[in-house]
file target.pdb (PDB, C-alpha atoms, pLDDT in the B column)
ATOM      1  CA  MET J   1      72.230  49.696  10.419  1.00 53.00           C
ATOM      2  CA  ALA J   2      69.961  48.957   7.454  1.00 59.00           C
ATOM      3  CA  PHE J   3      67.045  51.331   6.905  1.00 62.00           C
ATOM      4  CA  PHE J   4      64.652  48.386   6.589  1.00 60.00           C
ATOM      5  CA  GLU J   5      65.062  44.944   8.164  1.00 69.00           C
ATOM      6  CA  TRP J   6      62.624  42.343   6.888  1.00 66.00           C
ATOM      7  CA  ALA J   7      63.024  40.036   9.896  1.00 69.00           C
ATOM      8  CA  ARG J   8      62.251  42.867  12.312  1.00 68.00           C
ATOM      9  CA  PHE J   9      59.251  43.927  10.223  1.00 66.00           C
ATOM     10  CA  GLN J  10      57.878  40.369  10.316  1.00 70.00           C
ATOM     11  CA  ARG J  11      58.255  40.219  14.098  1.00 73.00           C
ATOM     12  CA  VAL J  12      56.441  43.530  14.569  1.00 70.00           C
ATOM     13  CA  TRP J  13      53.708  42.361  12.184  1.00 72.00           C
ATOM     14  CA  ARG J  14      53.258  39.075  14.076  1.00 76.00           C
ATOM     15  CA  LEU J  15      52.893  40.983  17.339  1.00 72.00           C
ATOM     16  CA  SER J  16      50.615  43.761  16.107  1.00 75.00           C
ATOM     17  CA  LEU J  17      48.210  41.804  13.895  1.00 82.00           C
ATOM     18  CA  PRO J  18      46.621  39.711  16.707  1.00 79.00           C
ATOM     19  CA  ALA J  19      46.281  42.844  18.862  1.00 76.00           C
ATOM     20  CA  ALA J  20      44.539  44.670  16.019  1.00 80.00           C
ATOM     21  CA  ALA J  21      42.298  41.650  15.407  1.00 83.00           C
ATOM     22  CA  GLY J  22      41.350  41.661  19.098  1.00 79.00           C
ATOM     23  CA  ALA J  23      40.304  45.304  18.830  1.00 80.00           C
ATOM     24  CA  LEU J  24      38.206  44.391  15.796  1.00 84.00           C
ATOM     25  CA  VAL J  25      36.493  41.614  17.772  1.00 85.00           C
ATOM     26  CA  ASP J  26      35.669  44.137  20.511  1.00 82.00           C
ATOM     27  CA  MET J  27      34.083  46.426  17.937  1.00 82.00           C
ATOM     28  CA  LEU J  28      32.081  43.579  16.422  1.00 84.00           C
ATOM     29  CA  GLN J  29      30.762  42.656  19.878  1.00 83.00           C
ATOM     30  CA  VAL J  30      29.470  46.189  20.330  1.00 82.00           C
ATOM     31  CA  LEU J  31      27.822  46.172  16.901  1.00 84.00           C
ATOM     32  CA  ILE J  32      26.185  42.786  17.540  1.00 86.00           C
ATOM     33  CA  ASP J  33      24.784  44.004  20.882  1.00 85.00           C
ATOM     34  CA  LEU J  34      23.378  47.094  19.169  1.00 85.00           C
ATOM     35  CA  LEU J  35      21.904  44.923  16.425  1.00 87.00           C
ATOM     36  CA  MET J  36      20.143  42.706  18.954  1.00 89.00           C
ATOM     37  CA  VAL J  37      18.685  45.486  21.097  1.00 89.00           C
ATOM     38  CA  GLY J  38      17.674  47.277  17.910  1.00 85.00           C
ATOM     39  CA  HIS J  39      15.039  44.570  17.447  1.00 87.00           C
ATOM     40  CA  LEU J  40      13.423  45.621  20.732  1.00 88.00           C
ATOM     41  CA  GLU J  41      12.662  49.309  20.190  1.00 88.00           C
ATOM     42  CA  VAL J  42      14.309  52.511  19.023  1.00 88.00           C
ATOM     43  CA  SER J  43      14.738  53.706  22.607  1.00 89.00           C
ATOM     44  CA  ALA J  44      16.766  50.578  23.401  1.00 89.00           C
ATOM     45  CA  THR J  45      19.196  51.301  20.574  1.00 89.00           C
ATOM     46  CA  ALA J  46      19.579  54.907  21.759  1.00 89.00           C
ATOM     47  CA  ALA J  47      20.087  53.799  25.371  1.00 89.00           C
ATOM     48  CA  VAL J  48      22.806  51.262  24.567  1.00 89.00           C
ATOM     49  CA  GLY J  49      24.467  53.579  22.061  1.00 88.00           C
ATOM     50  CA  ILE J  50      24.736  56.452  24.539  1.00 87.00           C
ATOM     51  CA  GLY J  51      25.737  54.069  27.317  1.00 87.00           C
ATOM     52  CA  LEU J  52      28.613  52.679  25.273  1.00 85.00           C
ATOM     53  CA  GLN J  53      29.836  56.187  24.517  1.00 82.00           C
ATOM     54  CA  PHE J  54      30.135  56.940  28.223  1.00 82.00           C
ATOM     55  CA  MET J  55      31.736  53.548  28.852  1.00 80.00           C
ATOM     56  CA  GLY J  56      34.462  54.920  26.608  1.00 76.00           C
ATOM     57  CA  LEU J  57      35.439  57.298  29.432  1.00 76.00           C
ATOM     58  CA  PHE J  58      36.236  54.277  31.579  1.00 74.00           C
ATOM     59  CA  PHE J  59      38.411  52.874  28.797  1.00 73.00           C
ATOM     60  CA  VAL J  60      40.553  56.007  29.088  1.00 75.00           C
ATOM     61  CA  ILE J  61      41.425  54.858  32.621  1.00 73.00           C
ATOM     62  CA  LEU J  62      42.145  51.379  31.269  1.00 72.00           C
ATOM     63  CA  GLY J  63      44.411  52.951  28.659  1.00 73.00           C
ATOM     64  CA  VAL J  64      46.491  54.566  31.402  1.00 73.00           C
ATOM     65  CA  LEU J  65      46.826  51.185  33.122  1.00 73.00           C
ATOM     66  CA  TYR J  66      47.786  49.469  29.875  1.00 71.00           C
ATOM     67  CA  VAL J  67      50.406  52.008  28.810  1.00 75.00           C
ATOM     68  CA  GLY J  68      52.006  52.211  32.238  1.00 74.00           C
ATOM     69  CA  SER J  69      52.094  48.496  33.000  1.00 75.00           C
ATOM     70  CA  ASN J  70      53.100  47.525  29.476  1.00 75.00           C
ATOM     71  CA  ALA J  71      55.982  50.004  29.353  1.00 77.00           C
ATOM     72  CA  LEU J  72      57.402  48.805  32.663  1.00 79.00           C
ATOM     73  CA  MET J  73      56.917  45.089  32.041  1.00 80.00           C
ATOM     74  CA  SER J  74      58.318  45.335  28.506  1.00 76.00           C
ATOM     75  CA  ARG J  75      61.399  47.082  29.848  1.00 80.00           C
ATOM     76  CA  PHE J  76      62.034  44.418  32.461  1.00 80.00           C
ATOM     77  CA  MET J  77      61.240  41.492  30.167  1.00 76.00           C
ATOM     78  CA  GLY J  78      63.553  42.942  27.512  1.00 74.00           C
ATOM     79  CA  GLY J  79      66.258  43.307  30.143  1.00 78.00           C
ATOM     80  CA  SER J  80      65.879  39.663  31.238  1.00 81.00           C
ATOM     81  CA  GLN J  81      64.448  40.677  34.619  1.00 80.00           C
ATOM     82  CA  PRO J  82      61.223  38.663  34.804  1.00 80.00           C
ATOM     83  CA  ASP J  83      61.132  38.927  38.609  1.00 85.00           C
ATOM     84  CA  LYS J  84      60.796  42.718  38.377  1.00 82.00           C
ATOM     85  CA  ALA J  85      58.178  42.353  35.641  1.00 80.00           C
ATOM     86  CA  ALA J  86      56.256  40.007  37.929  1.00 83.00           C
ATOM     87  CA  ARG J  87      56.342  42.578  40.721  1.00 86.00           C
ATOM     88  CA  VAL J  88      54.966  45.220  38.345  1.00 81.00           C
ATOM     89  CA  PHE J  89      52.197  42.810  37.349  1.00 82.00           C
ATOM     90  CA  SER J  90      51.245  42.009  40.949  1.00 83.00           C
ATOM     91  CA  THR J  91      51.314  45.718  41.867  1.00 84.00           C
ATOM     92  CA  PHE J  92      48.926  46.637  39.062  1.00 81.00           C
ATOM     93  CA  ILE J  93      46.659  43.686  39.878  1.00 83.00           C
ATOM     94  CA  GLY J  94      46.536  44.888  43.475  1.00 84.00           C
ATOM     95  CA  PHE J  95      45.667  48.368  42.261  1.00 80.00           C
ATOM     96  CA  ALA J  96      42.878  46.902  40.135  1.00 80.00           C
ATOM     97  CA  LEU J  97      41.431  44.889  43.016  1.00 82.00           C
ATOM     98  CA  LEU J  98      41.443  47.945  45.273  1.00 83.00           C
ATOM     99  CA  GLY J  99      40.501  50.570  42.701  1.00 79.00           C
ATOM    100  CA  ALA J 100      37.693  48.796  40.853  1.00 81.00           C
ATOM    101  CA  PRO J 101      35.307  48.597  43.859  1.00 85.00           C
ATOM    102  CA  LEU J 102      35.843  52.309  44.518  1.00 85.00           C
ATOM    103  CA  VAL J 103      35.052  53.187  40.900  1.00 82.00           C
ATOM    104  CA  MET J 104      31.971  50.959  41.047  1.00 86.00           C
ATOM    105  CA  LEU J 105      30.700  52.578  44.240  1.00 87.00           C
ATOM    106  CA  LEU J 106      31.072  56.013  42.674  1.00 85.00           C
ATOM    107  CA  ALA J 107      29.436  54.984  39.390  1.00 83.00           C
ATOM    108  CA  LEU J 108      26.446  52.936  40.570  1.00 86.00           C
ATOM    109  CA  PRO J 109      24.338  55.820  41.986  1.00 87.00           C
ATOM    110  CA  SER J 110      24.880  57.980  38.898  1.00 86.00           C
ATOM    111  CA  THR J 111      24.227  55.703  35.930  1.00 87.00           C
ATOM    112  CA  HIS J 112      21.256  57.848  34.893  1.00 88.00           C
ATOM    113  CA  LEU J 113      23.225  61.102  34.697  1.00 89.00           C
ATOM    114  CA  PRO J 114      24.888  60.627  31.273  1.00 86.00           C
ATOM    115  CA  PHE J 115      21.489  60.223  29.643  1.00 89.00           C
ATOM    116  CA  ILE J 116      20.051  63.273  31.379  1.00 91.00           C
ATOM    117  CA  TRP J 117      23.078  65.306  30.303  1.00 88.00           C
ATOM    118  CA  MET J 118      22.456  64.204  26.719  1.00 86.00           C
ATOM    119  CA  GLY J 119      18.830  65.374  26.944  1.00 86.00           C
ATOM    120  CA  ALA J 120      17.494  61.893  26.263  1.00 85.00           C
ATOM    121  CA  ALA J 121      13.796  61.046  26.530  1.00 89.00           C
ATOM    122  CA  ASP J 122      12.530  59.522  29.776  1.00 90.00           C
ATOM    123  CA  ARG J 123      12.290  56.045  28.229  1.00 92.00           C
ATOM    124  CA  VAL J 124      15.902  56.219  27.022  1.00 90.00           C
ATOM    125  CA  VAL J 125      17.051  57.428  30.456  1.00 91.00           C
ATOM    126  CA  ALA J 126      15.303  54.518  32.166  1.00 92.00           C
ATOM    127  CA  LEU J 127      16.668  51.888  29.780  1.00 91.00           C
ATOM    128  CA  GLY J 128      20.132  53.396  29.643  1.00 90.00           C
ATOM    129  CA  ALA J 129      20.470  53.714  33.421  1.00 91.00           C
ATOM    130  CA  GLY J 130      19.582  50.019  33.766  1.00 91.00           C
ATOM    131  CA  TYR J 131      22.087  49.076  31.081  1.00 92.00           C
ATOM    132  CA  LEU J 132      24.952  51.062  32.630  1.00 90.00           C
ATOM    133  CA  TRP J 133      24.062  49.863  36.138  1.00 92.00           C
ATOM    134  CA  VAL J 134      24.726  46.263  35.078  1.00 92.00           C
ATOM    135  CA  MET J 135      27.830  47.174  33.067  1.00 91.00           C
ATOM    136  CA  VAL J 136      29.405  48.862  36.103  1.00 89.00           C
ATOM    137  CA  PHE J 137      29.715  45.449  37.766  1.00 91.00           C
ATOM    138  CA  GLY J 138      32.136  44.450  35.002  1.00 89.00           C
ATOM    139  CA  PHE J 139      34.686  47.133  35.889  1.00 85.00           C
ATOM    140  CA  GLY J 140      36.745  44.831  38.119  1.00 85.00           C
ATOM    141  CA  ALA J 141      37.081  42.209  35.405  1.00 89.00           C
ATOM    142  CA  LEU J 142      37.965  44.859  32.830  1.00 86.00           C
ATOM    143  CA  PHE J 143      40.801  46.114  35.038  1.00 85.00           C
ATOM    144  CA  ILE J 144      42.210  42.603  35.430  1.00 87.00           C
ATOM    145  CA  ASN J 145      41.799  41.714  31.748  1.00 88.00           C
ATOM    146  CA  GLN J 146      43.615  44.848  30.636  1.00 85.00           C
ATOM    147  CA  ILE J 147      46.583  44.180  32.924  1.00 84.00           C
ATOM    148  CA  ALA J 148      46.731  40.500  31.931  1.00 87.00           C
ATOM    149  CA  PHE J 149      46.674  41.499  28.251  1.00 84.00           C
ATOM    150  CA  SER J 150      49.421  44.020  28.967  1.00 81.00           C
ATOM    151  CA  ALA J 151      51.559  41.344  30.627  1.00 81.00           C
ATOM    152  CA  MET J 152      51.203  38.939  27.731  1.00 83.00           C
ATOM    153  CA  SER J 153      51.945  41.670  25.201  1.00 80.00           C
ATOM    154  CA  ALA J 154      55.051  42.660  27.169  1.00 76.00           C
ATOM    155  CA  SER J 155      56.291  39.070  26.930  1.00 78.00           C
ATOM    156  CA  GLY J 156      55.763  39.068  23.149  1.00 78.00           C
ATOM    157  CA  ASN J 157      52.597  36.959  23.177  1.00 80.00           C
ATOM    158  CA  THR J 158      49.650  38.645  21.512  1.00 81.00           C
ATOM    159  CA  ALA J 159      48.220  35.485  19.930  1.00 86.00           C
ATOM    160  CA  THR J 160      46.953  33.987  23.191  1.00 89.00           C
ATOM    161  CA  PRO J 161      44.904  37.083  24.160  1.00 88.00           C
ATOM    162  CA  LEU J 162      43.311  36.954  20.703  1.00 88.00           C
ATOM    163  CA  ARG J 163      42.296  33.319  21.207  1.00 91.00           C
ATOM    164  CA  ILE J 164      40.863  34.187  24.613  1.00 92.00           C
ATOM    165  CA  LYS J 165      38.998  37.146  23.121  1.00 91.00           C
ATOM    166  CA  LEU J 166      37.513  35.027  20.319  1.00 92.00           C
ATOM    167  CA  PHE J 167      36.300  32.435  22.826  1.00 93.00           C
ATOM    168  CA  THR J 168      34.761  34.911  25.267  1.00 93.00           C
ATOM    169  CA  ALA J 169      33.277  36.996  22.439  1.00 91.00           C
ATOM    170  CA  GLY J 170      31.440  33.906  21.208  1.00 92.00           C
ATOM    171  CA  VAL J 171      30.128  33.260  24.715  1.00 92.00           C
ATOM    172  CA  ASN J 172      29.128  36.916  24.970  1.00 92.00           C
ATOM    173  CA  VAL J 173      27.077  36.791  21.783  1.00 92.00           C
ATOM    174  CA  LEU J 174      25.274  33.599  22.841  1.00 93.00           C
ATOM    175  CA  LEU J 175      24.542  34.866  26.351  1.00 93.00           C
ATOM    176  CA  SER J 176      23.393  38.279  25.154  1.00 91.00           C
ATOM    177  CA  TYR J 177      21.120  36.684  22.559  1.00 93.00           C
ATOM    178  CA  ALA J 178      19.596  34.399  25.182  1.00 94.00           C
ATOM    179  CA  LEU J 179      19.188  37.114  27.816  1.00 93.00           C
ATOM    180  CA  VAL J 180      17.918  39.860  25.511  1.00 92.00           C
ATOM    181  CA  PHE J 181      15.162  37.761  23.932  1.00 92.00           C
ATOM    182  CA  GLY J 182      14.619  35.066  26.584  1.00 91.00           C
ATOM    183  CA  HIS J 183      15.885  31.950  24.790  1.00 90.00           C
ATOM    184  CA  PHE J 184      17.186  28.610  26.167  1.00 89.00           C
ATOM    185  CA  GLY J 185      14.988  28.905  29.254  1.00 88.00           C
ATOM    186  CA  LEU J 186      16.542  32.205  30.372  1.00 88.00           C
ATOM    187  CA  PRO J 187      14.489  35.330  31.180  1.00 90.00           C
ATOM    188  CA  ALA J 188      14.037  38.068  28.571  1.00 90.00           C
ATOM    189  CA  LEU J 189      15.847  41.028  30.145  1.00 89.00           C
ATOM    190  CA  GLY J 190      16.079  43.340  27.148  1.00 90.00           C
ATOM    191  CA  VAL J 191      18.922  45.858  27.281  1.00 91.00           C
ATOM    192  CA  GLN J 192      19.933  44.666  30.741  1.00 91.00           C
ATOM    193  CA  GLY J 193      20.287  41.189  29.269  1.00 91.00           C
ATOM    194  CA  ALA J 194      22.788  42.524  26.728  1.00 91.00           C
ATOM    195  CA  ALA J 195      24.757  44.130  29.548  1.00 92.00           C
ATOM    196  CA  LEU J 196      24.612  41.001  31.724  1.00 93.00           C
ATOM    197  CA  GLY J 197      25.874  38.796  28.885  1.00 93.00           C
ATOM    198  CA  THR J 198      28.788  41.170  28.379  1.00 92.00           C
ATOM    199  CA  VAL J 199      29.677  41.340  32.080  1.00 93.00           C
ATOM    200  CA  ILE J 200      29.637  37.542  32.412  1.00 93.00           C
ATOM    201  CA  ALA J 201      31.960  37.346  29.400  1.00 93.00           C
ATOM    202  CA  PHE J 202      34.299  39.883  31.061  1.00 92.00           C
ATOM    203  CA  TYR J 203      34.626  37.696  34.172  1.00 94.00           C
ATOM    204  CA  LEU J 204      35.003  34.547  32.077  1.00 94.00           C
ATOM    205  CA  GLU J 205      37.900  36.258  30.300  1.00 93.00           C
ATOM    206  CA  SER J 206      39.501  36.989  33.679  1.00 92.00           C
ATOM    207  CA  VAL J 207      39.145  33.356  34.707  1.00 93.00           C
ATOM    208  CA  VAL J 208      40.715  32.141  31.454  1.00 93.00           C
ATOM    209  CA  TYR J 209      43.639  34.541  31.851  1.00 88.00           C
TER     210      TYR J 209
END

call {"tool": "encode", "arguments": {"input": "target.pdb", "output": "structure tokens"}}
result
Amino acid sequence: MAFFEWARFQRVWRLSLPAAAGALVDMLQVLIDLLMVGHLEVSATAAVGIGLQFMGLFFVILGVLYVGSNALMSRFMGGSQPDKAARVFSTFIGFALLGAPLVMLLALPSTHLPFIWMGAADRVVALGAGYLWVMVFGFGALFINQIAFSAMSASGNTATPLRIKLFTAGVNVLLSYALVFGHFGLPALGVQGAALGTVIAFYLESVVY
């Protein structure tokens, strides 16, 4: 076996580049949200910044789902057993539909706690709790999106998730802009508007998948 195979390298590159670009789009969405709320007040920037850090804990759970489902589905797809891959997909979707409401019920009453633990000022706690409270409602869509992305990646298709991400990211930016500042006839909701725009984009992504 050759130490380096150009054809294999190209295939890996074609698969990994769209996935990396999707991660970059996610990061840009976060930065754009911070940029928008930064025009409101300093406390808003602090609230969203701390809130996003604690949202990262939820993404650890999503990472477990992605690694597990992707490993199993990749194995079955590579072994020409799409029926078994489909069963893995439906099992993880079922887990998401059952698990997400439980996570939401546990998280909703405690959205203020991360900010208190960080010793944030009262204004930051109030804004941050409102931001996280809205974001919690996006957990179900995040579960589904992660599993759908995992399924497409397992089948060797990372370009389609990138196209979906670009579309929903654009919608997210427009909605957040409108809801943060009150444009296009929508109410000005401040930091909660940024969260609501993001959550709507999460569910739109699920629908597109």

call {"tool": "resolve_selection", "arguments": {"input": "target.pdb", "expression": "the PyMOL selection byres ((chain J and resi 178) around 10)", "output": "JSON list (two decimals) with C-alpha atoms, keeping the file's coordinate frame"}}
result
[["chain", "number", "residue", "atom", "x", "y", "z"],
["J", 172, "ASN", "CA", 29.13, 36.92, 24.97],
["J", 173, "VAL", "CA", 27.08, 36.79, 21.78],
["J", 174, "LEU", "CA", 25.27, 33.60, 22.84],
["J", 175, "LEU", "CA", 24.54, 34.87, 26.35],
["J", 176, "SER", "CA", 23.39, 38.28, 25.15],
["J", 177, "TYR", "CA", 21.12, 36.68, 22.56],
["J", 179, "LEU", "CA", 19.19, 37.11, 27.82],
["J", 180, "VAL", "CA", 17.92, 39.86, 25.51],
["J", 181, "PHE", "CA", 15.16, 37.76, 23.93],
["J", 182, "GLY", "CA", 14.62, 35.07, 26.58],
["J", 183, "HIS", "CA", 15.88, 31.95, 24.79],
["J", 184, "PHE", "CA", 17.19, 28.61, 26.17],
["J", 185, "GLY", "CA", 14.99, 28.90, 29.25],
["J", 186, "LEU", "CA", 16.54, 32.20, 30.37],
["J", 187, "PRO", "CA", 14.49, 35.33, 31.18],
["J", 188, "ALA", "CA", 14.04, 38.07, 28.57],
["J", 189, "LEU", "CA", 15.85, 41.03, 30.14],
["J", 190, "GLY", "CA", 16.08, 43.34, 27.15],
["J", 193, "GLY", "CA", 20.29, 41.19, 29.27],
["J", 194, "ALA", "CA", 22.79, 42.52, 26.73],
["J", 197, "GLY", "CA", 25.87, 38.80, 28.88]]

call {"tool": "closest_residue", "arguments": {"input": "target.pdb", "among": "J:Asn157, J:Thr111, J:Asn145, J:Ser69", "to": "Leu97 (chain J)", "atoms": "all atoms listed in the file"}}
result
J:Asn145

call {"tool": "residues_around", "arguments": {"input": "target.pdb", "residues": "region 161-168 of chain J", "least_positions_apart": "2", "cutoff": "10 Å", "atoms": "only C-alpha atoms", "output": "PyMOL selection string"}}
result
chain J and resi 17-23+25-26+145+148-150+152-153+157-159+170-174+198+200-206+208-209

call {"tool": "atom_distance", "arguments": {"input": "target.pdb", "atom1": "CA of His39 (chain J)", "atom2": "CA of Asp122 (chain J)"}}
result
19.5 Å

call {"tool": "atom_distance", "arguments": {"input": "target.pdb", "atom1": "CA of Leu108 (chain J)", "atom2": "CA of Ala96 (chain J)"}}
result
17.5 Å

call {"tool": "resolve_selection", "arguments": {"input": "target.pdb", "expression": "the PyMOL selection byres ((chain J and resi 56-62) around 10)", "output": "list in words"}}
result
Gly51, Leu52, Gln53, Phe54, Met55, Gly63, Val64, Leu65, Tyr66, Val67, Gly68, Ala96, Val103, Val136, Phe139, Leu142, Phe143, Ile144, Asn145, Gln146 and Ile147 of chain J

call {"tool": "resolve_selection", "arguments": {"input": "target.pdb", "expression": "the PyMOL selection byres ((chain J and resi 42-45) around 8)", "output": "MDAnalysis selection string"}}
result
chainID J and resid 34 37:38 40:41 46:49 123:124 127:128 191

call {"tool": "closest_residue", "arguments": {"input": "target.pdb", "among": "J:Leu196, J:Ala169, J:Leu106, J:Ala151", "to": "Met73 (chain J)", "atoms": "all atoms listed in the file"}}
result
J:Ala151

call {"tool": "atom_distance", "arguments": {"input": "target.pdb", "atom1": "CA of Gly78 (chain J)", "atom2": "CA of Ala141 (chain J)"}}
result
27.6 Å

call {"tool": "axis_aligned_box", "arguments": {"input": "target.pdb", "around": "region 126-144 of chain J", "padding_each_side": "8 Å", "output": "lines of an AutoDock Vina configuration file"}}
result
center_x = 28.8
center_y = 48.4
center_z = 33.9
size_x = 42.9
size_y = 28.3
size_z = 24.5

call {"tool": "closest_residue", "arguments": {"input": "target.pdb", "among": "J:Gly138, J:Pro109, J:Gly156, J:Gly94", "to": "Ser16 (chain J)", "atoms": "all atoms listed in the file"}}
result
J:Gly156
